[in-house]
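Colleague: For reference, the structure I am asking about is given below.
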Amino acid sequence: MSSLLVILGVVTITFVVSRLVPSDPASLYAGARARPAQVEQVRQDLNLDAPLMSQYVSYIGDLLRGDFGISFATKRPIAQDLRRFLPATLELAFAATALSMLVGIPAGVAAAARRHRPSDTSLRLFAVLGVSVPVFWSALLLQLFFSSKLDWLPLAGRTDATTSFNEVTGFFLVDAVLSGSWSNVADVAAHLVLPVAVMAAYPLGLTIRLIRGAMLEVLGADYIEAATVAQVPRSTVLSRLALKNSLLPALTILGLTFAYSVSSAFLVEAVFAWPGLGKYLTDAIVRVDFPVITAAAMVIAVVYVAVNLILDLVQSWLDPRVQLS
Amino acid sequence: MSNANDIESGRLDPAVAMSVQDLHVTFYPPSGPVRAVRGVSFELREGEVLGVAGESGCGKSVLVRALLGLLPATATVEGSLELDGEPTTLDGALQSEAALVYQNPGASLNPVFTIGQQLQFVSGSTDPTELSGFLLQAGLKDPEQLLGAYPHQFSGGMGQRAAVALALAQRPRLLFADEPTTALDVTTQNQVLELIAELRQRHRLSVVLISHDLAVIKRVCDRVMVLYAGLVAETGTTSQVLTSPSHPYTQALLESVPRPQAVGKSLASIPGMVPDGRHEILGCAFAPRCSHAHDACVTEEPAMNQLAVGHSVRCVLSDPTR
Ligand SMILES: Nc1ncnc2c1ncn2[C@@H]1O[C@H](COP(=O)(O)OP(=O)(O)OP(=O)(O)O)[C@@H](O)[C@H]1O
Ligand SMILES: [Mg+2]
C-alpha cells in the first residue's frame with residue numbers, strides 16, 4: 001500500500017516537473033526551427049492546452065495502460081524503447097547481484113572464520129578495493145587487459161555483430177538459451193563477463209565486509225558458543241546457525257545496491273557500449289527529452305519499491321521477530 | 001532436595017567424575033597479564049551438584065570456560081583435568097561430555113531458529129517425539145507445539161527451560177550452569193533450581209552450578225567451593241561451609257544480604273573490591289578487606305588447611321600449626 005503511494009508520489013512529481021519546468025513543452029517537441037503553426041499542431045496532438053488536472057488524469061490513465069508517451073527527440077513510443085533498454089540493464093544488475101551474493105557471502109563467512117589470518121586479510125583488502133576503485137577505471141583496465149591484450153573477451157556490446165536470435169525477453173542470456181544454440185549462449189555470456197565483473201565489484205566488496213562483520217558479531221554470541229559445546233560441527237555452525245543471523249543486514253544493503261546499480265548503470269554502460277537504461281537516460285538528459293526522463297525516473301522508482309518489497313519478504317522469512325505489516 | 005547430609009555421613013560415596021588439579025588461567029590483554037584463576041583444584045563426584053560461589057570477577061566463569069576449552073587463544077590455561085580418572089586435555093575435549101547453561105536465555109537461544117530446529121542441530125535427531133521428549137524432561141508443557149516456537153515467544157523461565165532442554169539433548173554427563181537463575185524472577189528461579197535438582201537425580205548428572213547467591217547454592221548444592229581472586233577460599237559440603245563458615249570471606253558473604261540487583265557490584269557489607277588479577281598478590285588476597293587480618297596475612301599466601309573430612313579453608317586463622 002505504502003509502496004503504491006511512493007510510486008504515485010514519484011509520478012506526480014515527475015508530471016509536475018515535466019509540465020512546469022519546460023517553458024513550452026510543445027515547442028520543445030516540435031523542435032527549435034518549427035513554425036508557430038506546427039507548434040500549435042503539436043499542442044493539440046499532445047493535449048497540452050487542456051487544464052493541468054485533466055492532463056494529469058489522462059497521463060495516469062496512459063501510464064496504467066503501459067503508455068509512457070513519446071520521446072521528444074526520437075518521436076518513438078517510450079514504452080517500446082524501455083522494453084529494449086531496461087532488460088539490458090536489469091540483466092547486468094541481476095548478474096552482478098547474483099555474483100556478489102554467490103561469491104561475497106561464502107567469502108565473508110570464510111574471512112570471519114579465519115579472522116586475522118592471511119586469508120582474512122587478503123579478503124578484506126580485496127573488499128576494500130572492490131568498494132573503492134572507481135567503476136570507469138576498473139572497466140578500462142579490464143578491457144585493456146582481457147580484450148585488447150589477451151583477446152580473451154569481447155571489448156564491448158551485448159553480442160557479436162554476426163550473432164542474431166529472437167529477442168523474446170530482452171534478457172539476452174535467456175533469449176540465447178531459448179534459441180537453442182550454444183554458440184549464441186557462449187557469445188552472450190562472454191559479452192557479460194567484463195561489465196558484470198565491473199558492476200559487481202562494489203556490491204561484492206560490500207557483501208564481504210558486511211557478512212564478515214555480522215558473522216564476527218554473531219560468532220561471539222552465547223548461542224553460538226553453546227552450539228560449539230554441543231559439538232555441532234564447525235561447518236554447520238558457520239554455514240547455518242551463524243549465517244542466518246548475519247544475512248539480514250547484508251541482504252538489506254545488497255538489495256539497495258541492486259536498485260542503485262540500476263539507476264547508476266550509465267558509467268558501466270558507457271564504457272561497454274551497453275544499450276541499457278543508463279545510456280538511454282543520459283542521452284535523454286543531454287537532449288532535455290522530458291517524457292523519457294520522466295519515464296526512466298518512474299521505472300527506477302518502481303525498481304526501488306519492488307526491491308524494498310522483496311527485502312521485507314526476505315526479512316520476515318529470515319527473522320521470525322519481524323512481523324509483516 | 002539436598003543430599004548433603006548423605007555425603008557428609010559417608011553413606012554415599014559416588015565415584016569421582018571429574019578432577020581438576022592446579023588450574024591456572026592468565027589473560028594477556030594489552031594492559032598487561034591478568035591472572036584470573038591462580039591454582040584451583042577440586043573434584044566433582046557422580047550425581048553431585050557442586051556450587052561455585054564468590055563475588056563478581058573472582059573467576060567463576062573463567063574457571064568453567066577454561067575447563068570447556070572456550071577461552072580465546074590469547075589466554076593460557078595450565079593445570080590438569082581427569083575424567084573418570086583418565087587424563088583429559090583442556091582444549092575442549094570435555095565438550096563431548098558436558099553441556100553449558102548460561103545466565104540469559106535470551107542470549108543462549110538462537111533467535112532465528114525454532115526450538116525444534118535447535119534441538120535437532122544439537123541432538124542430531126529428527127524424530128519429533130524424541131525432540132519433544134527433551135522439552136518434557138526440562139519441564140515444558142505442550143512440547144509438540146513448542147517445537148515450532150521461536151525463542152522470542154518464550155518467557156524468561158520458559159526460555160531457561162528450553163536452554164536446559166538443549167543441554168539435555170547433548171546427553172551430557174556433566175552440566176555446567178553459569179548463574180542460570182540470576183536473570184529470572186524469584187518464582188521462576190525456584191522452578192529452575194528444582195528442575196536442576198530433579199535432573200541430577202533422574203539422569204545422575206554431575207552439576208557445577210555457579211552462583212553469587214548463597215541462598216541459591218544452599219537450595220540445590222551438595223558441596224560448595226568459594227572462590228576469591230582466582231583461588232579457592234573455602235570448600236566443603238554445603239552444610240559445612242554455610243552453617244560453619246571458617247573463612248572470613250565466606251562469613252562476610254553470608255552476612256551480606258543477597259539482592260538480585262547486586263549482580264556485578266561488590267557486596268554491600270564487604271568493604272573494598274575484589275583484586276583484579278593484574279597485580280601480583282602478596283599474602284592473602286582477601287587481607288585488605290578482612291576484619292581479622294594481621295601481619296602474617298599480608299606477607300605469605302595461606303595454605304589450604306583441612307578442618308574436617310572434605311572441609312578445607314585457605315586462611316591462617318585455621319592453620320593448626322599456629
Ligand atoms: N577475555 C578476557 N580478557 C582479560 N581478562 C578477562 C577476560 N575474561 C575474564 N577476564 C578477567 O578474569 C577475571 C574473572 O572473570 P570471571 O568472568 O570469571 O568472573 P566471574 O566470577 O564469573 O564474575 P561474574 O559474577 O561477574 O560473572 C575478571 O577480573 C575479568 O576481568
Ligand atoms: Mg561470570
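Starting from 1 in every chain, residues are counted up; chains themselves are A, B, ... following the order of the C-alpha cells, and ligands are numbered from 1 as listed.
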Do me a favour and pick out the residues of chain A within 9 Å of chain B, using only C-alpha atoms, as a VMD selection string.

Modeller: chain A and resid 221 to 232 236 241 to 242 244 to 245 318 to 321

Colleague: Would you list the contacts of segment 123-125 of chain A as a ChimeraX atom specification, taking every protein, DNA or RNA residue within 10 Å and counting only C-alpha atoms, but skipping same-chain residues closer than 2 positions in sequence?

Modeller: /A:104,107-108,110-112,116,118-121,127-130,205,208-209,212

Colleague: Can you check which parts of chain B lie within 8 Å of ligand 2? Per residue, the shortest pair of atoms and distance in Å to one decimal, counting only C-alpha atoms and all ligand atoms, sorted by chain and number, as a Markdown table.

Modeller:
| residue | atom | partner | partner_atom_place_in_ligand_line | distance |
| --- | --- | --- | --- | --- |
| B:Ser56 | CA | ligand 2 | 1 (Mg) | 6.7 |
| B:Gly57 | CA | ligand 2 | 1 (Mg) | 7.0 |
| B:Gly59 | CA | ligand 2 | 1 (Mg) | 7.2 |
| B:Lys60 | CA | ligand 2 | 1 (Mg) | 5.6 |
| B:Ser61 | CA | ligand 2 | 1 (Mg) | 4.1 |
| B:Val62 | CA | ligand 2 | 1 (Mg) | 7.2 |
| B:Asp178 | CA | ligand 2 | 1 (Mg) | 6.6 |
| B:Glu179 | CA | ligand 2 | 1 (Mg) | 7.2 |
| B:Ile210 | CA | ligand 2 | 1 (Mg) | 7.8 |

Colleague: Since we have the selection now, will you write its residues out, keeping C-alpha atoms, as a compact mmCIF listing (two decimals), in the first residue's frame?

Modeller:
# COMPACT_ATOMS: atom_id res chain seq x y z
CA SER B 56 31.79 -10.76 40.57
CA GLY B 57 35.21 -11.04 38.95
CA GLY B 59 37.00 -16.17 38.30
CA LYS B 60 33.91 -18.38 38.36
CA SER B 61 33.04 -18.12 34.70
CA VAL B 62 36.66 -18.21 33.56
CA ASP B 178 26.69 -20.24 34.93
CA GLU B 179 24.29 -18.16 37.02
CA ILE B 210 27.87 -21.05 39.50

Colleague: Residues contacting ligand 1 - anything with an atom at most 10 Å away, using only C-alpha atoms and all ligand atoms - can you give me those as a PyMOL selection string?

Modeller: chain B and resi 25-37+52-66+71-75+103+178-179+182+210-213+227-230+263-266+274-278

Colleague: List as a VMD selection string the protein and nucleic acid residues near Leu90 of chain A, meaning an atom at most 7 Å away when only C-alpha atoms are counted, but skip any in the same chain fewer than 4 places from it.

Modeller: chain A and resid 86 94 262

Colleague: May I have the residues from that selection written out with C-alpha atoms, as a tab-separated table (two decimals), in the first residue's frame?

Modeller:
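Output file part04.tsv follows:
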chain	number	residue	atom	x	y	z
A	86	LEU	CA	15.51	-1.94	-19.41
A	94	PHE	CA	20.82	-9.23	-11.74
A	262	VAL	CA	20.04	0.01	-11.97

Colleague: If I take atom CA of Thr294 of chain A and atom CA of Ser27 of chain A, how far is one from the other in Å, to one decimal?

Modeller: 18.0 Å

Colleague: Would you list the contacts of Val216 of chain B as a list in words, taking every protein, DNA or RNA residue within 9 Å and counting only C-alpha atoms, but skipping same-chain residues closer than 4 positions in sequence?

Modeller: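 That gives Gly51, Thr181, Gln189, Asn190, Leu193, Ser211, His212, Val220 and Cys221 of chain B.
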
Colleague: Any idea what's packed within 12 Å of Ser2 of chain A, counting only C-alpha atoms, ignoring anything in its chain fewer than 2 positions away? Could you give it as a list in words?

Modeller: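 Final neighbour list, sorted by chain and number: Leu4, Leu5, Val6, Ile7, Leu8, Gly9, Val305, Ala306, Asn308, Leu309 and Ser325 of chain A.
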
Colleague: Determine the nearest neighbour of Val11 of chain A from the options A:Ala176, A:Glu40, A:Val299, A:Pro203, counting only C-alpha atoms.

Modeller: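 Closest to Val11 of chain A of all the choices is A:Val299.
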
Colleague: Would you return as a PyMOL selection string the members of segment 200-288 of chain A that DSSP assigns to helix (DSSP H, G or I) on this structure's backbone?

Modeller: chain A and resi 200-219+222-229+234-263+266-271+277-286

Colleague: Need the shell around Pro25 of chain A: protein/DNA/RNA residues with any atom at most 10 Å away, counting only C-alpha atoms. Skip same-chain ones fewer than 3 positions apart. Format as a list in words?

Modeller: Ser18, Arg19, Leu20, Val21, Pro22, Leu28, Tyr29, Ala30, Gly31, Val39, Val42, Arg43, Leu46, Leu48, Phe72, Asp289, Phe290 and Pro291 of chain A

Colleague: To one decimal place in Å, what is the distance between atom CA of Ile217 of chain B and atom CA of Val186 of chain B?

Modeller: 14.1 Å

Colleague: Select, from B:Gly283, B:Leu23, B:Glu48, B:Asp91, the residue with the minimum atom-to-atom distance to Arg204 of chain B, counting only C-alpha atoms.

Modeller: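 When distances to Arg204 of chain B are compared using only C-alpha atoms, the smallest one comes from B:Glu48.
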